[in-house]
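Just data26.cif here, mmCIF, C-alpha atoms:
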```
data_run
#
loop_
_atom_site.group_PDB
_atom_site.id
_atom_site.type_symbol
_atom_site.label_atom_id
_atom_site.label_comp_id
_atom_site.auth_asym_id
_atom_site.auth_seq_id
_atom_site.Cartn_x
_atom_site.Cartn_y
_atom_site.Cartn_z
ATOM 1 C CA MET A 1 -13.318 0.836 -14.492
ATOM 2 C CA GLN A 2 -12.177 2.248 -17.816
ATOM 3 C CA GLY A 3 -8.526 1.810 -18.795
ATOM 4 C CA GLY A 4 -5.915 -0.663 -17.596
ATOM 5 C CA LEU A 5 -4.746 -1.329 -14.062
ATOM 6 C CA VAL A 6 -1.326 0.299 -14.509
ATOM 7 C CA ASP A 7 -2.985 3.392 -15.952
ATOM 8 C CA ALA A 8 -5.387 3.517 -12.994
ATOM 9 C CA ILE A 9 -2.501 3.257 -10.516
ATOM 10 C CA THR A 10 -0.525 6.055 -12.164
ATOM 11 C CA GLN A 11 -3.656 8.242 -12.263
ATOM 12 C CA ALA A 12 -4.294 7.502 -8.584
ATOM 13 C CA TYR A 13 -0.828 8.769 -7.687
ATOM 14 C CA ARG A 14 -1.872 12.139 -9.129
ATOM 15 C CA ASP A 15 -5.542 12.255 -8.105
ATOM 16 C CA PRO A 16 -6.441 9.397 -5.744
ATOM 17 C CA ARG A 17 -9.959 10.567 -4.943
ATOM 18 C CA ARG A 18 -10.949 10.758 -8.585
ATOM 19 C CA VAL A 19 -9.836 7.179 -9.263
ATOM 20 C CA MET A 20 -11.445 5.949 -6.049
ATOM 21 C CA ALA A 21 -14.684 7.674 -7.072
ATOM 22 C CA ARG A 22 -14.606 5.725 -10.358
ATOM 23 C CA LEU A 23 -14.079 2.482 -8.465
ATOM 24 C CA MET A 24 -17.005 3.290 -6.185
ATOM 25 C CA ALA A 25 -19.190 4.311 -9.137
ATOM 26 C CA ASP A 26 -18.651 0.874 -10.651
ATOM 27 C CA GLY A 27 -19.872 -0.557 -7.345
ATOM 28 C CA PRO A 28 -17.632 -2.216 -4.724
ATOM 29 C CA SER A 29 -16.782 -5.572 -6.325
ATOM 30 C CA GLU A 30 -15.537 -8.262 -3.942
ATOM 31 C CA PRO A 31 -13.644 -10.212 -6.646
ATOM 32 C CA ARG A 32 -11.935 -7.029 -7.871
ATOM 33 C CA SER A 33 -11.086 -5.930 -4.318
ATOM 34 C CA LEU A 34 -9.670 -9.380 -3.521
ATOM 35 C CA PHE A 35 -7.612 -9.268 -6.729
ATOM 36 C CA HIS A 36 -6.187 -5.887 -5.657
ATOM 37 C CA LEU A 37 -5.325 -7.274 -2.228
ATOM 38 C CA MET A 38 -3.672 -10.466 -3.479
ATOM 39 C CA LEU A 39 -1.703 -8.599 -6.148
ATOM 40 C CA ALA A 40 -0.514 -6.169 -3.478
ATOM 41 C CA ALA A 41 0.473 -9.091 -1.223
ATOM 42 C CA GLY A 42 2.457 -10.676 -4.064
ATOM 43 C CA ILE A 43 4.316 -7.454 -4.860
ATOM 44 C CA LEU A 44 5.034 -6.830 -1.172
ATOM 45 C CA PHE A 45 6.387 -10.380 -0.869
ATOM 46 C CA VAL A 46 8.828 -9.685 -3.714
ATOM 47 C CA ALA A 47 9.767 -6.387 -2.033
ATOM 48 C CA SER A 48 10.499 -8.298 1.193
ATOM 49 C CA LEU A 49 12.996 -10.679 -0.430
ATOM 50 C CA PRO A 50 16.082 -8.516 0.273
ATOM 51 C CA ASN A 51 15.129 -8.604 3.971
ATOM 52 C CA ALA A 52 14.609 -12.365 3.743
ATOM 53 C CA ILE A 53 18.103 -12.772 2.288
ATOM 54 C CA ARG A 54 19.612 -10.616 5.044
ATOM 55 C CA ALA A 55 17.727 -12.605 7.681
ATOM 56 C CA ALA A 56 18.965 -15.898 6.190
ATOM 57 C CA GLN A 57 22.574 -14.728 6.469
ATOM 58 C CA ARG A 58 22.122 -14.385 10.238
ATOM 59 C CA LEU A 59 20.600 -17.863 10.700
ATOM 60 C CA GLU A 60 22.893 -20.748 11.558
ATOM 61 C CA ILE A 61 20.707 -23.509 10.173
ATOM 62 C CA ASP A 62 20.721 -25.706 7.074
ATOM 63 C CA ASP A 63 19.051 -24.151 4.033
ATOM 64 C CA ALA A 64 18.443 -20.877 5.874
ATOM 65 C CA LEU A 65 17.555 -18.981 2.705
ATOM 66 C CA THR A 66 14.702 -21.341 1.814
ATOM 67 C CA GLY A 67 13.367 -21.105 5.363
ATOM 68 C CA ALA A 68 13.514 -17.307 5.407
ATOM 69 C CA ILE A 69 11.802 -17.011 2.015
ATOM 70 C CA ALA A 70 9.113 -19.511 3.057
ATOM 71 C CA ALA A 71 8.453 -17.506 6.230
ATOM 72 C CA HIS A 72 8.116 -14.288 4.229
ATOM 73 C CA LEU A 73 5.858 -16.014 1.701
ATOM 74 C CA PHE A 74 3.570 -17.260 4.475
ATOM 75 C CA GLY A 75 3.511 -13.871 6.156
ATOM 76 C CA TYR A 76 2.807 -11.784 3.080
ATOM 77 C CA VAL A 77 0.572 -14.087 1.032
ATOM 78 C CA PHE A 78 -1.423 -15.778 3.811
ATOM 79 C CA LEU A 79 -1.302 -13.687 6.995
ATOM 80 C CA LEU A 80 -1.200 -10.193 5.513
ATOM 81 C CA PRO A 81 -4.521 -10.499 3.611
ATOM 82 C CA LEU A 82 -6.268 -11.603 6.820
ATOM 83 C CA LEU A 83 -4.835 -8.625 8.695
ATOM 84 C CA VAL A 84 -5.849 -6.233 5.916
ATOM 85 C CA TYR A 85 -9.401 -7.607 5.968
ATOM 86 C CA ALA A 86 -9.518 -6.905 9.711
ATOM 87 C CA LEU A 87 -8.039 -3.434 9.140
ATOM 88 C CA ALA A 88 -10.710 -2.629 6.552
ATOM 89 C CA ALA A 89 -13.475 -3.592 8.982
ATOM 90 C CA LEU A 90 -11.878 -1.512 11.738
ATOM 91 C CA VAL A 91 -11.451 1.477 9.415
ATOM 92 C CA HIS A 92 -15.130 1.376 8.498
ATOM 93 C CA LEU A 93 -16.262 1.083 12.111
ATOM 94 C CA VAL A 94 -14.100 4.060 13.099
ATOM 95 C CA ALA A 95 -15.283 6.044 10.064
ATOM 96 C CA ARG A 96 -18.900 5.289 10.908
ATOM 97 C CA GLY A 97 -18.280 6.606 14.409
ATOM 98 C CA PHE A 98 -17.203 9.898 12.825
ATOM 99 C CA GLY A 99 -20.214 10.041 10.511
ATOM 100 C CA GLY A 100 -18.933 8.003 7.572
ATOM 101 C CA ARG A 101 -21.596 7.064 5.053
ATOM 102 C CA GLY A 102 -19.901 4.126 3.351
ATOM 103 C CA GLY A 103 -20.264 0.400 3.938
ATOM 104 C CA PHE A 104 -17.961 -2.488 4.726
ATOM 105 C CA GLY A 105 -17.630 -3.297 1.004
ATOM 106 C CA GLY A 106 -16.589 0.250 0.197
ATOM 107 C CA ALA A 107 -14.061 0.260 3.039
ATOM 108 C CA ARG A 108 -12.551 -2.988 1.775
ATOM 109 C CA ALA A 109 -12.352 -1.557 -1.747
ATOM 110 C CA ALA A 110 -10.566 1.559 -0.441
ATOM 111 C CA VAL A 111 -8.154 -0.260 1.885
ATOM 112 C CA PHE A 112 -7.283 -3.008 -0.616
ATOM 113 C CA TRP A 113 -6.801 -0.450 -3.404
ATOM 114 C CA SER A 114 -4.587 1.579 -1.075
ATOM 115 C CA ALA A 115 -2.523 -1.550 -0.395
ATOM 116 C CA LEU A 116 -2.053 -2.037 -4.132
ATOM 117 C CA LEU A 117 -1.037 1.607 -4.561
ATOM 118 C CA GLY A 118 1.555 1.232 -1.814
ATOM 119 C CA ALA A 119 3.035 -2.032 -3.085
ATOM 120 C CA PRO A 120 4.962 -0.575 -6.079
ATOM 121 C CA ILE A 121 6.359 2.148 -3.809
ATOM 122 C CA ALA A 122 7.611 -0.505 -1.381
ATOM 123 C CA LEU A 123 9.067 -2.537 -4.254
ATOM 124 C CA ILE A 124 10.954 0.433 -5.710
ATOM 125 C CA LEU A 125 12.355 1.352 -2.289
ATOM 126 C CA ALA A 126 13.383 -2.270 -1.634
ATOM 127 C CA LEU A 127 15.122 -2.593 -4.999
ATOM 128 C CA LEU A 128 16.863 0.739 -4.503
ATOM 129 C CA GLY A 129 18.026 -0.286 -1.036
ATOM 130 C CA ALA A 130 19.264 -3.655 -2.297
ATOM 131 C CA GLY A 131 21.117 -1.970 -5.171
ATOM 132 C CA VAL A 132 22.794 0.530 -2.877
ATOM 133 C CA GLU A 133 23.763 -2.213 -0.419
ATOM 134 C CA ALA A 134 25.228 -4.331 -3.214
ATOM 135 C CA ALA A 135 27.211 -1.357 -4.568
ATOM 136 C CA THR A 136 28.433 0.109 -1.278
ATOM 137 C CA GLY A 137 28.146 -2.714 1.241
ATOM 138 C CA ARG A 138 26.026 -0.445 3.450
ATOM 139 C CA GLY A 139 22.309 -0.959 3.935
ATOM 140 C CA GLN A 140 21.618 1.818 6.422
ATOM 141 C CA LEU A 141 22.001 5.262 4.848
ATOM 142 C CA LEU A 142 20.294 8.429 6.030
ATOM 143 C CA TRP A 143 19.013 9.429 2.596
ATOM 144 C CA LEU A 144 17.509 5.958 2.102
ATOM 145 C CA ASP A 145 15.720 6.236 5.452
ATOM 146 C CA LEU A 146 14.422 9.689 4.532
ATOM 147 C CA LEU A 147 13.241 8.370 1.175
ATOM 148 C CA GLY A 148 11.425 5.588 2.992
ATOM 149 C CA TYR A 149 9.668 8.070 5.282
ATOM 150 C CA ALA A 150 8.712 10.164 2.260
ATOM 151 C CA GLY A 151 7.245 7.065 0.586
ATOM 152 C CA LEU A 152 5.310 6.252 3.743
ATOM 153 C CA GLY A 153 3.977 9.801 3.958
ATOM 154 C CA PHE A 154 2.877 9.704 0.320
ATOM 155 C CA TRP A 155 1.126 6.383 0.891
ATOM 156 C CA LEU A 156 -0.678 7.730 3.980
ATOM 157 C CA TRP A 157 -1.994 10.581 1.806
ATOM 158 C CA LEU A 158 -3.245 8.057 -0.759
ATOM 159 C CA PHE A 159 -4.809 5.926 1.973
ATOM 160 C CA ALA A 160 -6.552 8.903 3.568
ATOM 161 C CA ALA A 161 -7.856 10.133 0.213
ATOM 162 C CA ASN A 162 -9.276 6.709 -0.651
ATOM 163 C CA ILE A 163 -10.970 6.301 2.729
ATOM 164 C CA ALA A 164 -12.328 9.837 2.508
ATOM 165 C CA GLU A 165 -13.892 9.127 -0.867
ATOM 166 C CA ALA A 166 -15.323 5.774 0.186
ATOM 167 C CA GLU A 167 -16.805 7.162 3.409
ATOM 168 C CA GLY A 168 -17.855 10.597 2.140
ATOM 169 C CA PHE A 169 -15.437 12.663 4.252
ATOM 170 C CA ALA A 170 -13.479 15.825 3.583
ATOM 171 C CA ILE A 171 -9.848 14.846 3.067
ATOM 172 C CA THR A 172 -8.573 17.133 5.847
ATOM 173 C CA ARG A 173 -10.594 15.333 8.481
ATOM 174 C CA VAL A 174 -9.360 11.925 7.398
ATOM 175 C CA LEU A 175 -5.742 13.067 7.142
ATOM 176 C CA LEU A 176 -5.898 14.360 10.696
ATOM 177 C CA THR A 177 -7.370 11.087 11.956
ATOM 178 C CA VAL A 178 -4.871 8.967 10.006
ATOM 179 C CA GLY A 179 -1.989 11.140 11.215
ATOM 180 C CA ILE A 180 -3.027 10.842 14.851
ATOM 181 C CA GLY A 181 -3.587 7.084 14.507
ATOM 182 C CA PHE A 182 -0.224 6.579 12.825
ATOM 183 C CA GLY A 183 1.478 8.661 15.518
ATOM 184 C CA VAL A 184 -0.080 6.568 18.277
ATOM 185 C CA VAL A 185 0.898 3.285 16.590
ATOM 186 C CA ALA A 186 4.432 4.505 15.828
ATOM 187 C CA SER A 187 4.883 5.692 19.419
ATOM 188 C CA GLY A 188 3.657 2.345 20.745
ATOM 189 C CA LEU A 189 6.025 0.427 18.483
ATOM 190 C CA ALA A 190 8.913 2.671 19.516
ATOM 191 C CA VAL A 191 8.186 2.035 23.202
ATOM 192 C CA VAL A 192 7.932 -1.742 22.649
ATOM 193 C CA SER A 193 11.111 -1.760 20.536
ATOM 194 C CA GLY A 194 12.964 0.258 23.170
ATOM 195 C CA SER A 195 11.774 -2.100 25.912
ATOM 196 C CA LEU A 196 12.943 -5.147 23.945
ATOM 197 C CA THR A 197 16.323 -3.524 23.309
ATOM 198 C CA VAL A 198 16.799 -2.721 26.984
ATOM 199 C CA ALA A 199 15.655 -6.212 27.980
ATOM 200 C CA GLY A 200 18.052 -7.731 25.435
#
```
Rewrite the coordinates I just gave you, this time as structure tokens.
Amino acid sequence: MQGGLVDAITQAYRDPRRVMARLMADGPSEPRSLFHLMLAAGILFVASLPNAIRAAQRLEIDDALTGAIAAHLFGYVFLLPLLVYALAALVHLVARGFGGRGGFGGARAAVFWSALLGAPIALILALLGAGVEAATGRGQLLWLDLLGYAGLGFWLWLFAANIAEAEGFAITRVLLTVGIGFGVVASGLAVVSGSLTVAG
């Protein structure tokens, strides 16, 4: 793909389908897709460090910070890529059921690229949250939560656009499917979280 990676990311924030089309025109490259995924995992690990520090403060064990960081490192750098591989396969199978014309390689390229597009957003939000908490002593603020939801919504649009391009869909159809899927998952997590809270 012409141009640098940072330039491609900034262009994708404005016109994700156009950048995804260029990636697909170059041919789905497994090494490039894996590089996107591992870079995303590394950035997301860094974004998770404020949570790791907060978790360590609640642990009453020796060297809690090292343990919390090691757990986050394992989760983001080793487990997350495996889960994203599985997600890419699932996305393609679902897309094929709706008439998608892409392949597993194209789905991996789209999902891994979407992960990389989302990673800087997560990092900025994490740094902003950590800065606000350090300045005010409060981590939970309504405007921070709203900003997080806005970032998630923007990423879902990027994800849908990339999948649409890779599978040959109209964006509206994919957005509807992604929205419904996200709603189902969010509702399930809310029910499970509520059950755990009640049980606790």
> Care to translate the PyMOL selection byres ((chain A and resi 124) around 12) into actual residues of this file, as a list in words?
Replying inline: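 With the shown file as input, the PyMOL selection byres ((chain A and resi 124) around 12) matches Ile43, Leu44, Val46, Ala47, Ser48, Pro50, Gly118, Ala119, Pro120, Ile121, Ala122, Leu123, Leu125, Ala126, Leu127, Leu128, Gly129, Ala130, Gly131, Leu144, Leu147, Gly148 and Gly151 of chain A.
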> Which neighbours of Ile9 of chain A fall inside 12 Å, counting all atoms listed in the file, when residues of the same chain fewer than 3 positions from it are skipped, and could you give them as a VMD selection string?
Replying inline: chain A and resid 1 3 to 6 12 to 20 23 36 40 113 to 121 158
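Computed from the coordinates, the atom CA of Val178 of chain A to atom CA of Ala160 of chain A distance equals 6.7 Å.
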>> List the spatial neighbours of Leu73 of chain A as number ranges by chain - criterion: any atom at most 10 Å away, all atoms listed in the file, same-chain residues fewer than 3 positions off excluded.
In response: A: 41-42, 44-46, 48-49, 52, 67-70, 76-80
>> Evaluated on this file, the PyMOL selection byres ((chain A and resi 102) around 12) picks out some residues - which ones are they, written as a PyMOL selection string?
In response: chain A and resi 24+27-28+88-89+91-101+103-110+162-169
Keeping only C-alpha atoms, take the residues you just selected and write them out as a short mmCIF file (atom, residue, chain, number, x, y, z; two decimals), in the frame of the given file.
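Produced file again.cif, reproduced below:
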```
data_model
loop_
_atom_site.label_atom_id
_atom_site.label_comp_id
_atom_site.auth_asym_id
_atom_site.auth_seq_id
_atom_site.Cartn_x
_atom_site.Cartn_y
_atom_site.Cartn_z
CA MET A 24 -17.00 3.29 -6.18
CA GLY A 27 -19.87 -0.56 -7.34
CA PRO A 28 -17.63 -2.22 -4.72
CA ALA A 88 -10.71 -2.63 6.55
CA ALA A 89 -13.48 -3.59 8.98
CA VAL A 91 -11.45 1.48 9.41
CA HIS A 92 -15.13 1.38 8.50
CA LEU A 93 -16.26 1.08 12.11
CA VAL A 94 -14.10 4.06 13.10
CA ALA A 95 -15.28 6.04 10.06
CA ARG A 96 -18.90 5.29 10.91
CA GLY A 97 -18.28 6.61 14.41
CA PHE A 98 -17.20 9.90 12.82
CA GLY A 99 -20.21 10.04 10.51
CA GLY A 100 -18.93 8.00 7.57
CA ARG A 101 -21.60 7.06 5.05
CA GLY A 103 -20.26 0.40 3.94
CA PHE A 104 -17.96 -2.49 4.73
CA GLY A 105 -17.63 -3.30 1.00
CA GLY A 106 -16.59 0.25 0.20
CA ALA A 107 -14.06 0.26 3.04
CA ARG A 108 -12.55 -2.99 1.78
CA ALA A 109 -12.35 -1.56 -1.75
CA ALA A 110 -10.57 1.56 -0.44
CA ASN A 162 -9.28 6.71 -0.65
CA ILE A 163 -10.97 6.30 2.73
CA ALA A 164 -12.33 9.84 2.51
CA GLU A 165 -13.89 9.13 -0.87
CA ALA A 166 -15.32 5.77 0.19
CA GLU A 167 -16.80 7.16 3.41
CA GLY A 168 -17.86 10.60 2.14
CA PHE A 169 -15.44 12.66 4.25
#
```
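Taking atom CA of Phe159 of chain A and atom CA of Gly179 of chain A as endpoints, the distance between them is 11.0 Å.
Pairwise distance (atom CA of Gly153 of chain A, atom CA of Val174 of chain A) equals 13.9 Å.
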>> Just checking: using all atoms listed in the file, which residue out of A:Met38, A:Ala150, A:Ala71, A:Leu65 ends up closest to Tyr85 of chain A?
In response: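 With all atoms listed in the file as the atom set, the closest residue is A:Met38.
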List the neighbours of Leu176 of chain A out to 12 Å using all atoms listed in the file; skip same-chain residues closer than 5 positions along the sequence, and give me the result as a short mmCIF file (atom, residue, chain, number, x, y, z; two decimals) with C-alpha atoms, in the frame of the given file.
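Final output, saved to around-v1.cif:
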```cif
data_model
loop_
_atom_site.label_atom_id
_atom_site.label_comp_id
_atom_site.auth_asym_id
_atom_site.auth_seq_id
_atom_site.Cartn_x
_atom_site.Cartn_y
_atom_site.Cartn_z
CA LEU A 156 -0.68 7.73 3.98
CA TRP A 157 -1.99 10.58 1.81
CA ALA A 160 -6.55 8.90 3.57
CA ALA A 161 -7.86 10.13 0.21
CA ALA A 164 -12.33 9.84 2.51
CA PHE A 169 -15.44 12.66 4.25
CA ALA A 170 -13.48 15.82 3.58
CA ILE A 171 -9.85 14.85 3.07
CA GLY A 181 -3.59 7.08 14.51
CA PHE A 182 -0.22 6.58 12.82
CA GLY A 183 1.48 8.66 15.52
#
```
